[in-house]
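Trainee: Got a structure for you, written out below as structure tokens; questions coming shortly.
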Amino acid sequence: MNMNKKLKQELSHYGRGEWSQDSLQKTCAAARAAYGEQDRKERIGFWKFVIRQIRFAGGSLWILQAAVLIVTCLTLDIHLHAGASGYGPLGFVLSLASVATAMTGIPYLCRSVRHGMYETETASRVSFAGLLLARLLITGIGNLIMLAAFFALASLKMPLSINAIGYMLLPFSVIWLGIMVLMRLACDQLLPALCAAYSIIIMAALFALYQIVPQVFGQSSVLIWNIVCIVIIAGLAWQIRTMAKKPAYMDGVSM
Amino acid sequence: MKLEIKNLKKTYKDKTAVDGVNLEITPGVWGLLGANGAGKTTLMRMVAGILTPTEGEILYDGIPIKEMGEAYRDIFGYLPQTFGFYPEFRVRDYLEYMAALKGLTRKDTARKIEELMEKLTLKEVRNKQIRKLSGGMQRRVGIAQALLNNPEILILDEPTSGLDPGERIRFRNLLSEFAKDRIVVISTHIVPDVEYIATCNILMKDGAIIDIGTTEELVKMVKGKVWEVSLTQEKLGPYEARLKIINVRNEDTGNVRMRYLSDIPVLPGSQSVPPRLEDLYLWLFSGKEEA
């Protein structure tokens, strides 16, 4: 049980029965004196911490994401000019673009273990869980802009309903869910390679699906994509919550 | 202020790294001594709250550190044995990054970094990339980050490795001053670094504590077992493999003066000398057979 819960439980039982006004006043005075003697440390909250993290790697991450955005948009544009049209080809191309988008976060999310910083970061006040959340947010901002740009570009070529966003969000969520699971289970020097390998497998699976069962990317399937996407996003949210609440332990991390 | 370690155990598939450790650590400098593989780093990681014990618990002022969570890490400073950093970081960047992780405000960060750079003589290298610094300088940067949040508990794993003698003396003085109302635990192989400043020493072997005490109390274990003798260079050879030799130094006469450990004087002319902590360390942790 954590300290706050324990304290609430104790306080809920406290004070029942007889108590003396004199003792209460003495306790209050002693508590005020003890508080006054304390070295009051001012600490920043989580959101200020996130903003300060932008300075340390946000710049290089966003440059990488911008580069991938430009290259992928050009590729998308060429592909669409070459005659690919209709939900099927568009859905397929959007799903690949979303995998590329998700992969831009891998170097940033995995850098603590790569550079031997995991132990020092885990022992800090924010701890690795807090740092990871901050990194997910910073990566997520760039990813969302990328996904929005791809969707906007595709919409220029062919009117797309908002449902079509499922073609992007599902593979994107699957990649991120996989990365989160790998971080929990295999947080060592191999982590970036494992995450990259996993992403390439998903990309290959999308190619195979498009070749073998192209109707999976058709307009009639978009509802299924969205339903599965909701389930995956729920799983991803649970993973992130588990990691955020996880004690700052190094078990399973091989240095 | 008290750190209690109760029946702490850490087992892995094939090994017990820490085996039933019980300690009560109060303010002062505590030296944690032991050979490689004794379990020191595992113990320190559990005290740092970053490794789960298999059994047992650690309490700070009576509260399990597991329950304290962030509140414990807020009062904690830690320098791991393996000290990493992001390659693009300059010294100042790294300290600002760590200050943010420790939750310091910008104002406190600036003030504390200036103060620590002064104390650890890092001002001249503040804008240099850490990867381009010497090992000793890098270690000083690591020590600086551990002190950023003015911790009540400071755990340092091999803090002086790579530091030159002058730096080690400055570091010892800094720690002595720092440890007045704080708990400082230093794990080291460099015995002189703790010999003169440790309030108490903890000797660890094969995952267990074998003894605890002040330097004066512990060296009694080897009282009457430390000898010095003068002999010729030629005679030294046969004894090098047989005896636990602490050190050998050349004399003006051309002979060598050998300091060694033994239950009885092995060489004629051997004189019993007062033992030091380093003598005890070698007696307990060196692999050679006794004479």
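Residues are named by chain letter and number: chains run A, B, ... in the order of the structure tokens, numbers start at 1 in each chain, and ligands are numbered from 1 in the order shown.
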Which residues are close to region 271-284 of chain B, i.e. within 9 Å by only C-alpha atoms, leaving aside same-chain residues fewer than 5 positions away? Reply as a PyMOL selection string.

Mentor: chain B and resi 33-35+189-192+195+203+205+215-216+218-229+244-246+259-262+265+290

Trainee: Within 7 Å of chain A, which residues belong to chain B? Use only C-alpha atoms and report them as a list of chain:residue names.

Mentor: B:Ala48, B:Ile50, B:Leu51, B:Thr52, B:Glu67, B:Met68, B:Glu70, B:Arg73, B:Asp74, B:Tyr78, B:Pro80, B:Phe83, B:Gly84, B:Phe85, B:Tyr86, B:Ala100, B:Leu101, B:Lys102, B:Gly103, B:Leu104, B:Thr105

Trainee: Can you write just those residues out, N, CA, C and O atoms, as a compact mmCIF listing (two decimals), in the first residue's frame?

Mentor:
```txt
# COMPACT_ATOMS: atom_id res chain seq x y z
N ALA B 48 19.38 2.16 -2.99
CA ALA B 48 19.00 3.28 -3.86
C ALA B 48 17.55 3.16 -4.31
O ALA B 48 17.00 4.08 -4.90
N ILE B 50 16.39 1.01 -6.56
CA ILE B 50 16.24 0.74 -7.98
C ILE B 50 16.32 -0.75 -8.31
O ILE B 50 16.25 -1.13 -9.47
N LEU B 51 16.48 -1.57 -7.28
CA LEU B 51 16.50 -3.02 -7.47
C LEU B 51 15.59 -3.65 -6.43
O LEU B 51 15.63 -3.26 -5.26
N THR B 52 14.73 -4.59 -6.87
CA THR B 52 13.78 -5.20 -5.92
C THR B 52 14.46 -6.25 -5.07
O THR B 52 15.05 -7.17 -5.61
N GLU B 67 7.30 2.30 0.01
CA GLU B 67 6.10 3.12 0.18
C GLU B 67 6.40 4.60 -0.03
O GLU B 67 5.55 5.35 -0.49
N MET B 68 7.62 5.00 0.31
CA MET B 68 7.96 6.42 0.18
C MET B 68 8.04 6.84 -1.28
O MET B 68 7.70 7.97 -1.63
N GLU B 70 8.68 8.44 -4.52
CA GLU B 70 9.31 9.68 -4.98
C GLU B 70 9.91 10.46 -3.81
O GLU B 70 10.95 11.10 -3.95
N ARG B 73 13.36 9.13 -3.22
CA ARG B 73 14.30 9.51 -4.28
C ARG B 73 14.62 11.00 -4.22
O ARG B 73 15.69 11.42 -4.67
N ASP B 74 13.74 11.78 -3.64
CA ASP B 74 13.97 13.23 -3.53
C ASP B 74 15.09 13.56 -2.56
O ASP B 74 15.74 14.60 -2.69
N TYR B 78 22.85 9.47 -5.80
CA TYR B 78 23.44 8.18 -6.16
C TYR B 78 24.43 8.33 -7.30
O TYR B 78 24.16 8.97 -8.31
N PRO B 80 26.39 5.68 -9.58
CA PRO B 80 26.62 4.26 -9.85
C PRO B 80 28.08 3.99 -10.24
O PRO B 80 28.82 4.92 -10.58
N PHE B 83 29.18 4.85 -14.98
CA PHE B 83 28.61 6.19 -15.12
C PHE B 83 28.49 6.52 -16.60
O PHE B 83 29.49 6.63 -17.30
N GLY B 84 27.23 6.66 -17.06
CA GLY B 84 27.01 6.95 -18.47
C GLY B 84 26.55 8.38 -18.70
O GLY B 84 26.18 9.07 -17.75
N PHE B 85 26.57 8.82 -19.94
CA PHE B 85 26.11 10.16 -20.29
C PHE B 85 25.81 10.19 -21.78
O PHE B 85 26.37 9.41 -22.56
N TYR B 86 24.92 11.08 -22.17
CA TYR B 86 24.60 11.21 -23.58
C TYR B 86 25.76 11.90 -24.30
O TYR B 86 26.31 12.86 -23.78
N ALA B 100 16.97 18.72 -13.65
CA ALA B 100 15.55 18.64 -14.04
C ALA B 100 14.96 17.31 -13.58
O ALA B 100 13.83 17.26 -13.07
N LEU B 101 15.72 16.23 -13.71
CA LEU B 101 15.25 14.91 -13.27
C LEU B 101 15.06 14.88 -11.76
O LEU B 101 14.21 14.14 -11.24
N LYS B 102 15.84 15.67 -11.06
CA LYS B 102 15.69 15.71 -9.60
C LYS B 102 14.65 16.74 -9.18
O LYS B 102 14.41 16.93 -7.98
N GLY B 103 14.06 17.41 -10.15
CA GLY B 103 12.95 18.31 -9.85
C GLY B 103 13.35 19.69 -9.37
O GLY B 103 12.51 20.44 -8.87
N LEU B 104 14.61 20.06 -9.54
CA LEU B 104 15.05 21.38 -9.07
C LEU B 104 14.49 22.47 -9.96
O LEU B 104 14.38 22.31 -11.18
N THR B 105 14.16 23.62 -9.36
CA THR B 105 13.71 24.77 -10.14
C THR B 105 14.92 25.34 -10.90
O THR B 105 16.07 25.01 -10.57
```

Trainee: List every residue of region 196-228 of chain A that DSSP, applied to the backbone of this structure, assigns to alpha helix (DSSP H), and report them as a list in words.

Mentor: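 For region 196-228 of chain A, the alpha helix (DSSP H) set is Ala196, Ala197, Tyr198, Ser199, Ile200, Ile201, Ile202, Met203, Ala204, Ala205, Leu206, Phe207, Ala208, Leu209, Tyr210, Gln211, Ile212, Val222, Leu223, Ile224, Trp225, Asn226, Ile227 and Val228 of chain A.
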
Trainee: Using only C-alpha atoms, which residues sit within 10 Å of region 208-225 of chain A once same-chain residues fewer than 4 positions away are excluded, as a PyMOL selection string?

Mentor: chain A and resi 86-93+95+160-161+163-171+202-204+229-230

Trainee: Which of region 73-189 of chain B end up as strand (DSSP E or B) when DSSP is run on this backbone - answer as an MDAnalysis selection string?

Mentor: chainID B and resid 76:79 90 104 129 153:157 183:187
